[in-house]
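J.: My structure is stored as model19.txt, with compact mmCIF, N, CA, C and O atoms.
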# COMPACT_ATOMS: atom_id res chain seq x y z
N SER A 24 0.84 -1.19 0.00
CA SER A 24 0.00 0.00 0.00
C SER A 24 0.88 1.25 0.00
O SER A 24 2.06 1.19 0.28
N ASP A 25 0.28 2.35 -0.30
CA ASP A 25 0.96 3.64 -0.29
C ASP A 25 1.60 3.87 1.08
O ASP A 25 0.96 3.67 2.10
N THR A 26 2.84 4.23 1.13
CA THR A 26 3.65 4.49 2.34
C THR A 26 3.91 3.23 3.17
O THR A 26 4.24 3.32 4.33
N ALA A 27 3.78 2.07 2.57
CA ALA A 27 3.98 0.81 3.30
C ALA A 27 5.40 0.71 3.85
O ALA A 27 6.35 1.23 3.28
N ASN A 28 5.53 0.03 4.98
CA ASN A 28 6.83 -0.24 5.58
C ASN A 28 6.76 -1.60 6.27
O ASN A 28 5.98 -1.79 7.20
N SER A 29 7.56 -2.54 5.80
CA SER A 29 7.57 -3.88 6.38
C SER A 29 8.93 -4.49 6.10
O SER A 29 9.88 -3.80 5.74
N GLY A 30 9.04 -5.80 6.29
CA GLY A 30 10.29 -6.48 6.02
C GLY A 30 10.16 -7.96 6.33
O GLY A 30 9.18 -8.41 6.91
N VAL A 31 11.17 -8.70 5.93
CA VAL A 31 11.26 -10.12 6.25
C VAL A 31 12.49 -10.28 7.14
O VAL A 31 13.60 -9.99 6.72
N LYS A 32 12.27 -10.74 8.36
CA LYS A 32 13.39 -10.95 9.28
C LYS A 32 13.86 -12.39 9.22
O LYS A 32 13.05 -13.31 9.09
N TYR A 33 15.18 -12.57 9.35
CA TYR A 33 15.75 -13.93 9.35
C TYR A 33 16.96 -13.94 10.27
O TYR A 33 17.45 -12.89 10.69
N PHE A 34 17.43 -15.14 10.59
CA PHE A 34 18.50 -15.34 11.59
C PHE A 34 18.13 -14.63 12.91
O PHE A 34 18.95 -14.00 13.55
N VAL A 35 16.88 -14.76 13.28
CA VAL A 35 16.36 -14.08 14.47
C VAL A 35 16.78 -14.81 15.73
O VAL A 35 16.75 -16.04 15.79
N THR A 36 17.14 -14.05 16.74
CA THR A 36 17.41 -14.60 18.06
C THR A 36 16.42 -13.98 19.05
O THR A 36 16.00 -12.84 18.88
N GLU A 37 16.03 -14.74 20.04
CA GLU A 37 15.10 -14.23 21.04
C GLU A 37 15.67 -14.31 22.45
O GLU A 37 15.00 -14.00 23.41
N LYS A 38 16.93 -14.73 22.55
CA LYS A 38 17.54 -14.91 23.87
C LYS A 38 17.71 -13.61 24.63
O LYS A 38 17.87 -13.61 25.85
N GLU A 39 17.64 -12.48 23.92
CA GLU A 39 17.82 -11.18 24.57
C GLU A 39 16.61 -10.80 25.41
O GLU A 39 16.69 -9.92 26.27
N ASN A 40 15.47 -11.43 25.17
CA ASN A 40 14.22 -11.14 25.90
C ASN A 40 13.89 -9.65 25.90
O ASN A 40 13.41 -9.12 26.89
N ASN A 41 14.15 -8.97 24.77
CA ASN A 41 13.83 -7.55 24.71
C ASN A 41 12.33 -7.37 24.48
O ASN A 41 11.63 -8.28 24.06
N THR A 42 11.84 -6.19 24.77
CA THR A 42 10.41 -5.92 24.64
C THR A 42 10.04 -5.43 23.25
O THR A 42 8.87 -5.44 22.90
N GLY A 43 11.01 -5.01 22.46
CA GLY A 43 10.73 -4.52 21.10
C GLY A 43 10.80 -5.64 20.10
O GLY A 43 10.56 -6.82 20.39
N SER A 44 11.16 -5.29 18.91
CA SER A 44 11.28 -6.25 17.82
C SER A 44 12.41 -7.22 18.09
O SER A 44 13.42 -6.88 18.70
N ALA A 45 12.24 -8.47 17.62
CA ALA A 45 13.28 -9.49 17.80
C ALA A 45 14.55 -9.08 17.06
O ALA A 45 14.50 -8.39 16.04
N ILE A 46 15.69 -9.51 17.55
CA ILE A 46 16.98 -9.18 16.95
C ILE A 46 17.24 -10.12 15.77
O ILE A 46 17.09 -11.34 15.89
N GLY A 47 17.60 -9.56 14.64
CA GLY A 47 17.90 -10.36 13.46
C GLY A 47 18.19 -9.47 12.27
O GLY A 47 18.23 -8.24 12.39
N LEU A 48 18.42 -10.07 11.13
CA LEU A 48 18.64 -9.33 9.89
C LEU A 48 17.29 -9.12 9.20
O LEU A 48 16.37 -9.92 9.40
N GLU A 49 17.18 -8.07 8.39
CA GLU A 49 15.90 -7.77 7.77
C GLU A 49 16.05 -7.37 6.31
O GLU A 49 16.84 -6.49 5.97
N TYR A 50 15.28 -8.04 5.45
CA TYR A 50 15.11 -7.66 4.05
C TYR A 50 14.04 -6.58 4.04
O TYR A 50 12.89 -6.84 4.38
N GLN A 51 14.42 -5.37 3.69
CA GLN A 51 13.50 -4.23 3.78
C GLN A 51 12.47 -4.24 2.66
O GLN A 51 12.80 -4.45 1.50
N ILE A 52 11.21 -4.02 3.04
CA ILE A 52 10.10 -3.89 2.10
C ILE A 52 9.35 -2.62 2.47
O ILE A 52 8.78 -2.54 3.55
N LEU A 53 9.40 -1.62 1.60
CA LEU A 53 8.67 -0.39 1.87
C LEU A 53 8.52 0.44 0.61
O LEU A 53 9.11 0.13 -0.44
N ASP A 54 7.74 1.49 0.71
CA ASP A 54 7.55 2.44 -0.37
C ASP A 54 8.69 3.45 -0.31
O ASP A 54 8.68 4.37 0.50
N ASP A 55 9.71 3.25 -1.16
CA ASP A 55 10.89 4.13 -1.16
C ASP A 55 10.53 5.59 -1.38
O ASP A 55 11.17 6.49 -0.84
N ASP A 56 9.51 5.83 -2.19
CA ASP A 56 9.18 7.21 -2.55
C ASP A 56 8.40 7.95 -1.48
O ASP A 56 8.57 9.15 -1.33
N LYS A 57 7.54 7.26 -0.73
CA LYS A 57 6.64 7.97 0.18
C LYS A 57 6.83 7.67 1.66
O LYS A 57 6.27 8.38 2.49
N HIS A 58 7.55 6.61 2.01
CA HIS A 58 7.74 6.36 3.44
C HIS A 58 9.00 7.07 3.93
O HIS A 58 10.07 6.89 3.34
N PRO A 59 8.91 7.86 5.00
CA PRO A 59 10.07 8.64 5.45
C PRO A 59 11.27 7.78 5.86
O PRO A 59 12.41 8.24 5.78
N ASP A 60 11.06 6.55 6.29
CA ASP A 60 12.18 5.71 6.74
C ASP A 60 13.18 5.43 5.60
O ASP A 60 14.35 5.23 5.84
N ALA A 61 12.71 5.45 4.36
CA ALA A 61 13.60 5.21 3.21
C ALA A 61 14.66 6.29 3.09
O ALA A 61 15.74 6.04 2.56
N LYS A 62 14.39 7.48 3.60
CA LYS A 62 15.34 8.59 3.52
C LYS A 62 16.29 8.63 4.72
O LYS A 62 17.27 9.35 4.71
N LEU A 63 16.00 7.84 5.75
CA LEU A 63 16.84 7.82 6.94
C LEU A 63 17.94 6.80 6.77
O LEU A 63 18.10 6.21 5.72
N GLY A 64 18.70 6.56 7.83
CA GLY A 64 19.80 5.61 7.72
C GLY A 64 20.96 6.26 7.01
O GLY A 64 21.17 7.47 7.07
N SER A 65 21.71 5.44 6.27
CA SER A 65 22.91 5.93 5.61
C SER A 65 23.03 5.30 4.22
O SER A 65 22.76 4.11 4.06
N ILE A 66 23.41 6.06 3.24
CA ILE A 66 23.67 5.63 1.86
C ILE A 66 22.58 4.73 1.27
O ILE A 66 22.86 3.84 0.50
N GLY A 67 21.33 4.96 1.66
CA GLY A 67 20.23 4.19 1.09
C GLY A 67 20.03 2.82 1.71
O GLY A 67 19.36 1.98 1.12
N ASN A 68 20.55 2.59 2.92
CA ASN A 68 20.46 1.26 3.51
C ASN A 68 19.11 0.96 4.18
O ASN A 68 18.99 -0.03 4.89
N ARG A 69 18.12 1.80 3.94
CA ARG A 69 16.77 1.51 4.41
C ARG A 69 15.78 1.47 3.26
O ARG A 69 14.57 1.59 3.45
N THR A 70 16.26 1.33 2.04
CA THR A 70 15.40 1.28 0.86
C THR A 70 15.02 -0.15 0.51
O THR A 70 15.59 -1.10 1.05
N MET A 71 14.09 -0.29 -0.42
CA MET A 71 13.57 -1.60 -0.85
C MET A 71 14.69 -2.58 -1.16
O MET A 71 15.63 -2.26 -1.88
N ALA A 72 14.61 -3.77 -0.59
CA ALA A 72 15.51 -4.91 -0.80
C ALA A 72 16.86 -4.76 -0.12
O ALA A 72 17.71 -5.63 -0.23
N SER A 73 17.07 -3.68 0.64
CA SER A 73 18.33 -3.51 1.37
C SER A 73 18.38 -4.43 2.58
O SER A 73 17.34 -4.87 3.08
N LEU A 74 19.58 -4.70 3.06
CA LEU A 74 19.76 -5.33 4.36
C LEU A 74 19.60 -4.19 5.35
O LEU A 74 20.49 -3.34 5.48
N TYR A 75 18.45 -4.14 5.99
CA TYR A 75 18.01 -2.96 6.75
C TYR A 75 19.08 -2.41 7.66
O TYR A 75 19.64 -3.11 8.50
N ASP A 76 19.35 -1.13 7.47
CA ASP A 76 20.27 -0.34 8.28
C ASP A 76 21.73 -0.78 8.17
O ASP A 76 22.56 -0.31 8.93
N LEU A 77 22.03 -1.69 7.23
CA LEU A 77 23.41 -2.16 7.09
C LEU A 77 23.96 -1.98 5.67
O LEU A 77 24.96 -1.29 5.47
N ILE A 78 23.32 -2.62 4.67
CA ILE A 78 23.86 -2.61 3.31
C ILE A 78 22.75 -2.22 2.34
O ILE A 78 21.71 -2.88 2.29
N PRO A 79 22.97 -1.16 1.53
CA PRO A 79 21.94 -0.78 0.56
C PRO A 79 21.86 -1.78 -0.57
O PRO A 79 22.86 -2.42 -0.93
N ALA A 80 20.66 -1.92 -1.14
CA ALA A 80 20.48 -2.79 -2.31
C ALA A 80 21.16 -2.15 -3.52
O ALA A 80 21.12 -0.93 -3.69
N LYS A 81 21.79 -2.97 -4.33
CA LYS A 81 22.33 -2.48 -5.60
C LYS A 81 21.17 -2.30 -6.55
O LYS A 81 20.23 -3.09 -6.55
N ARG A 82 21.23 -1.31 -7.37
CA ARG A 82 20.18 -1.07 -8.35
C ARG A 82 20.56 -1.78 -9.64
O ARG A 82 21.70 -1.74 -10.07
N ILE A 83 19.61 -2.43 -10.26
CA ILE A 83 19.83 -3.24 -11.47
C ILE A 83 19.59 -2.38 -12.71
O ILE A 83 18.62 -1.63 -12.78
N TYR A 84 20.46 -2.54 -13.67
CA TYR A 84 20.33 -1.80 -14.93
C TYR A 84 20.16 -2.78 -16.08
O TYR A 84 20.75 -3.86 -16.09
N GLY A 85 19.36 -2.42 -17.07
CA GLY A 85 19.07 -3.27 -18.22
C GLY A 85 20.15 -3.19 -19.29
O GLY A 85 21.19 -2.56 -19.12
N ASN A 86 19.88 -3.79 -20.44
CA ASN A 86 20.83 -3.87 -21.55
C ASN A 86 21.32 -2.52 -22.04
O ASN A 86 22.47 -2.36 -22.40
N ASN A 87 20.46 -1.54 -22.11
CA ASN A 87 20.84 -0.21 -22.61
C ASN A 87 21.13 0.76 -21.48
O ASN A 87 20.98 1.96 -21.62
N ASN A 88 21.56 0.22 -20.34
CA ASN A 88 21.90 0.99 -19.15
C ASN A 88 20.71 1.75 -18.57
O ASN A 88 20.88 2.70 -17.82
N GLU A 89 19.47 1.34 -18.92
CA GLU A 89 18.31 1.97 -18.31
C GLU A 89 18.04 1.26 -16.98
O GLU A 89 18.23 0.06 -16.87
N ARG A 90 17.65 2.04 -16.01
CA ARG A 90 17.38 1.47 -14.69
C ARG A 90 16.09 0.68 -14.71
O ARG A 90 15.08 1.16 -15.23
N ARG A 91 16.11 -0.52 -14.19
CA ARG A 91 14.89 -1.32 -14.05
C ARG A 91 14.20 -0.89 -12.77
O ARG A 91 14.71 -1.10 -11.68
N GLU A 92 13.07 -0.30 -12.91
CA GLU A 92 12.34 0.23 -11.76
C GLU A 92 11.48 -0.85 -11.12
O GLU A 92 11.03 -1.77 -11.78
N LYS A 93 11.24 -0.68 -9.84
CA LYS A 93 10.28 -1.55 -9.16
C LYS A 93 8.90 -1.21 -9.70
O LYS A 93 8.67 -0.12 -10.21
N LEU A 94 7.99 -2.15 -9.59
CA LEU A 94 6.63 -1.93 -10.06
C LEU A 94 5.92 -0.93 -9.15
O LEU A 94 6.27 -0.79 -7.98
N PRO A 95 4.90 -0.23 -9.64
CA PRO A 95 4.22 0.79 -8.85
C PRO A 95 3.39 0.19 -7.72
O PRO A 95 3.08 -1.00 -7.71
N ILE A 96 3.01 1.05 -6.77
CA ILE A 96 2.14 0.65 -5.66
C ILE A 96 0.88 0.02 -6.25
O ILE A 96 0.31 0.53 -7.21
N GLY A 97 0.46 -1.10 -5.68
CA GLY A 97 -0.71 -1.82 -6.15
C GLY A 97 -0.37 -2.99 -7.05
O GLY A 97 -1.19 -3.87 -7.27
N ALA A 98 0.85 -3.02 -7.59
CA ALA A 98 1.31 -4.14 -8.41
C ALA A 98 2.24 -5.00 -7.56
O ALA A 98 2.79 -4.54 -6.57
N TRP A 99 2.40 -6.25 -7.95
CA TRP A 99 3.24 -7.16 -7.19
C TRP A 99 4.69 -7.08 -7.66
O TRP A 99 5.00 -7.29 -8.82
N ASN A 100 5.59 -6.76 -6.73
CA ASN A 100 7.02 -6.87 -6.96
C ASN A 100 7.45 -8.24 -6.45
O ASN A 100 6.75 -8.85 -5.63
N ARG A 101 8.56 -8.75 -6.92
CA ARG A 101 9.06 -10.04 -6.44
C ARG A 101 10.39 -9.81 -5.75
O ARG A 101 11.20 -9.01 -6.20
N GLY A 102 10.60 -10.53 -4.66
CA GLY A 102 11.86 -10.46 -3.94
C GLY A 102 12.34 -11.86 -3.62
O GLY A 102 11.57 -12.82 -3.68
N ARG A 103 13.62 -11.98 -3.31
CA ARG A 103 14.17 -13.30 -2.98
C ARG A 103 15.32 -13.10 -2.01
O ARG A 103 16.13 -12.20 -2.16
N ILE A 104 15.39 -13.99 -1.02
CA ILE A 104 16.51 -14.04 -0.08
C ILE A 104 17.16 -15.40 -0.27
O ILE A 104 16.48 -16.42 -0.17
N VAL A 105 18.45 -15.42 -0.56
CA VAL A 105 19.18 -16.66 -0.76
C VAL A 105 20.25 -16.75 0.32
O VAL A 105 21.05 -15.83 0.48
N VAL A 106 20.24 -17.87 1.06
CA VAL A 106 21.25 -18.11 2.09
C VAL A 106 22.06 -19.34 1.68
O VAL A 106 21.50 -20.39 1.40
N TYR A 107 23.37 -19.18 1.63
CA TYR A 107 24.27 -20.26 1.23
C TYR A 107 24.85 -20.95 2.46
O TYR A 107 24.92 -20.35 3.54
N PRO A 108 25.29 -22.21 2.33
CA PRO A 108 25.84 -22.95 3.46
C PRO A 108 27.05 -22.26 4.13
O PRO A 108 27.27 -22.44 5.32
N ASP A 109 27.78 -21.45 3.35
CA ASP A 109 28.94 -20.76 3.94
C ASP A 109 28.55 -19.48 4.67
O ASP A 109 29.40 -18.74 5.15
N GLY A 110 27.24 -19.19 4.76
CA GLY A 110 26.77 -18.03 5.51
C GLY A 110 26.52 -16.79 4.66
O GLY A 110 26.01 -15.79 5.17
N ARG A 111 26.88 -16.81 3.38
CA ARG A 111 26.59 -15.67 2.52
C ARG A 111 25.09 -15.55 2.32
O ARG A 111 24.39 -16.54 2.25
N VAL A 112 24.63 -14.30 2.21
CA VAL A 112 23.21 -14.03 1.99
C VAL A 112 23.09 -13.06 0.82
O VAL A 112 23.85 -12.11 0.73
N GLU A 113 22.13 -13.32 -0.07
CA GLU A 113 21.84 -12.41 -1.18
C GLU A 113 20.38 -11.97 -1.09
O GLU A 113 19.50 -12.76 -0.79
N HIS A 114 20.17 -10.69 -1.35
CA HIS A 114 18.82 -10.13 -1.48
C HIS A 114 18.59 -9.82 -2.94
O HIS A 114 19.43 -9.19 -3.59
N TRP A 115 17.46 -10.23 -3.48
CA TRP A 115 17.09 -9.92 -4.86
C TRP A 115 15.74 -9.25 -4.87
O TRP A 115 14.89 -9.55 -4.06
I'd like the structure from this file rewritten - as structure tokens, please.
T.:
Amino acid sequence: SDTANSGVKYFVTEKENNTGSAIGLEYQILDDDKHPDAKLGSIGNRTMASLYDLIPAKRIYGNNNERREKLPIGAWNRGRIVVYPDGRVEHW
């Protein structure tokens, strides 16, 4: 939805017994254009598909160097998280 802000958390630990959100890594899902959190953080590390607050998502470019944009609000975008046995993680 317009101004949406969510995410997919993984490698979550609960041993901290904190009262807020569980500790873990997060694949960021939000409206980059209208949600204020996308402008916070550093170097774009709170934008769509980023490792929240840590690593910004790389932007994909097509054959003629045109930027492939995410689909508009109301359409379905696709995302993928890949975890390898050696601990590497990819966000798509």
J.: Return the single residue from A:Tyr50, A:Val106, A:Asn41, A:Lys57 that is closest to Thr70 in chain A, with distances computed using all atoms listed in the file.
T.: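 So, comparing all the options, the nearest one is A:Tyr50.
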J.: Mind checking DSSP for range 50-113 of chain A and telling me the strand (DSSP E or B) residues as a VMD selection string?
T.: chain A and resid 50 to 53 74 78 84 90 104 to 106 112 to 113
J.: For a quick check of understanding, using only C-alpha atoms, which of A:Ser65, A:Phe34, A:Asp54, A:Pro59 has the smallest distance to Gly97 in chain A?
T.: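 Residue with the minimum atom-to-atom distance to Gly97 in chain A: A:Asp54.
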J.: With distances taken over only C-alpha atoms, which of A:Asn28, A:Ser44, A:Glu37, A:Ala80 is nearest to Asp60 in chain A?
T.: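 Residue with the minimum atom-to-atom distance to Asp60 in chain A: A:Asn28.
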J.: Which is closer to Ser73 in chain A than all the others in A:Asn100, A:Thr42, A:Thr36, A:Ser29, using only N, CA, C and O atoms?
T.: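 Using only N, CA, C and O atoms, Ser73 in chain A sits closest to A:Ser29.
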J.: Which is closest to Thr26 in chain A among A:Trp115, A:Met71, A:His58, A:Gly110, if we use only N, CA, C and O atoms?
T.: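 Once distances to Thr26 in chain A are computed over only N, CA, C and O atoms, the minimum belongs to A:His58.
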J.: Calculated over all atoms listed in the file, which of the candidates A:Ala98, A:Val35, A:Ala72, A:Ile66 has the smallest distance to Leu53 in chain A?
T.: A:Ala72
J.: If you measure from CA of Leu48 in chain A to atom O of Lys62 in chain A, what distance in Å do you get, rounded to one decimal?
T.: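 Calculated distance between CA of Leu48 in chain A and atom O of Lys62 in chain A is 19.4 Å.
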J.: Interatomic distance between atom N of Trp99 in chain A and atom N of Gly64 in chain A?
T.: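 Atom-to-atom, atom N of Trp99 in chain A and atom N of Gly64 in chain A are spaced 26.1 Å apart.
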J.: Hey, can you check how far CA of Glu49 in chain A sits from CA of Leu77 in chain A?
T.: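 Result for CA of Glu49 in chain A versus CA of Leu77 in chain A: 9.4 Å, one decimal.
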J.: Taking the backbone alone, and naming residues the way the document does, which bits of chain A are helix (DSSP H, G or I) by DSSP, as a VMD selection string?
T.: chain A and resid 59 to 62
J.: In the coordinates of the file, take the point (19.8, -0.1, 4.5) and a cut-off of 6 Å; then, counting only C-alpha atoms, name each qualifying protein, DNA or RNA residue as a PDB file with N, CA, C and O atoms, keeping the file's coordinate frame.
T.:
ATOM      1  N   GLY A  67      21.330   4.960   1.660  1.00  0.00           N
ATOM      2  CA  GLY A  67      20.230   4.190   1.090  1.00  0.00           C
ATOM      3  C   GLY A  67      20.030   2.820   1.710  1.00  0.00           C
ATOM      4  O   GLY A  67      19.360   1.980   1.120  1.00  0.00           O
ATOM      5  N   ASN A  68      20.550   2.590   2.920  1.00  0.00           N
ATOM      6  CA  ASN A  68      20.460   1.260   3.510  1.00  0.00           C
ATOM      7  C   ASN A  68      19.110   0.960   4.180  1.00  0.00           C
ATOM      8  O   ASN A  68      18.990  -0.030   4.890  1.00  0.00           O
ATOM      9  N   ARG A  69      18.120   1.800   3.940  1.00  0.00           N
ATOM     10  CA  ARG A  69      16.770   1.510   4.410  1.00  0.00           C
ATOM     11  C   ARG A  69      15.780   1.470   3.260  1.00  0.00           C
ATOM     12  O   ARG A  69      14.570   1.590   3.450  1.00  0.00           O
ATOM     13  N   THR A  70      16.260   1.330   2.040  1.00  0.00           N
ATOM     14  CA  THR A  70      15.400   1.280   0.860  1.00  0.00           C
ATOM     15  C   THR A  70      15.020  -0.150   0.510  1.00  0.00           C
ATOM     16  O   THR A  70      15.590  -1.100   1.050  1.00  0.00           O
ATOM     17  N   SER A  73      17.070  -3.680   0.640  1.00  0.00           N
ATOM     18  CA  SER A  73      18.330  -3.510   1.370  1.00  0.00           C
ATOM     19  C   SER A  73      18.380  -4.430   2.580  1.00  0.00           C
ATOM     20  O   SER A  73      17.340  -4.870   3.080  1.00  0.00           O
ATOM     21  N   LEU A  74      19.580  -4.700   3.060  1.00  0.00           N
ATOM     22  CA  LEU A  74      19.760  -5.330   4.360  1.00  0.00           C
ATOM     23  C   LEU A  74      19.600  -4.190   5.350  1.00  0.00           C
ATOM     24  O   LEU A  74      20.490  -3.340   5.480  1.00  0.00           O
ATOM     25  N   TYR A  75      18.450  -4.140   5.990  1.00  0.00           N
ATOM     26  CA  TYR A  75      18.010  -2.960   6.750  1.00  0.00           C
ATOM     27  C   TYR A  75      19.080  -2.410   7.660  1.00  0.00           C
ATOM     28  O   TYR A  75      19.640  -3.110   8.500  1.00  0.00           O
ATOM     29  N   ASP A  76      19.350  -1.130   7.470  1.00  0.00           N
ATOM     30  CA  ASP A  76      20.270  -0.340   8.280  1.00  0.00           C
ATOM     31  C   ASP A  76      21.730  -0.780   8.170  1.00  0.00           C
ATOM     32  O   ASP A  76      22.560  -0.310   8.930  1.00  0.00           O
ATOM     33  N   LEU A  77      22.030  -1.690   7.230  1.00  0.00           N
ATOM     34  CA  LEU A  77      23.410  -2.160   7.090  1.00  0.00           C
ATOM     35  C   LEU A  77      23.960  -1.980   5.670  1.00  0.00           C
ATOM     36  O   LEU A  77      24.960  -1.290   5.470  1.00  0.00           O
ATOM     37  N   ILE A  78      23.320  -2.620   4.670  1.00  0.00           N
ATOM     38  CA  ILE A  78      23.860  -2.610   3.310  1.00  0.00           C
ATOM     39  C   ILE A  78      22.750  -2.220   2.340  1.00  0.00           C
ATOM     40  O   ILE A  78      21.710  -2.880   2.290  1.00  0.00           O
ATOM     41  N   PRO A  79      22.970  -1.160   1.530  1.00  0.00           N
ATOM     42  CA  PRO A  79      21.940  -0.780   0.560  1.00  0.00           C
ATOM     43  C   PRO A  79      21.860  -1.780  -0.570  1.00  0.00           C
ATOM     44  O   PRO A  79      22.860  -2.420  -0.930  1.00  0.00           O
TER      45      PRO A  79
END
J.: Any idea what's packed within 6 Å of Arg103 in chain A, counting only N, CA, C and O atoms, ignoring anything in its chain fewer than 2 positions away? Could you give it as an NGL selection string?
T.: :A and (101 or 105 or 113-115)
J.: Once you count only C-alpha atoms, which residues end up no further than 6 Å from (11.5, -8.7, 2.6) in the file's frame, shown as number ranges by chain?
T.: A: 30-31, 50-52
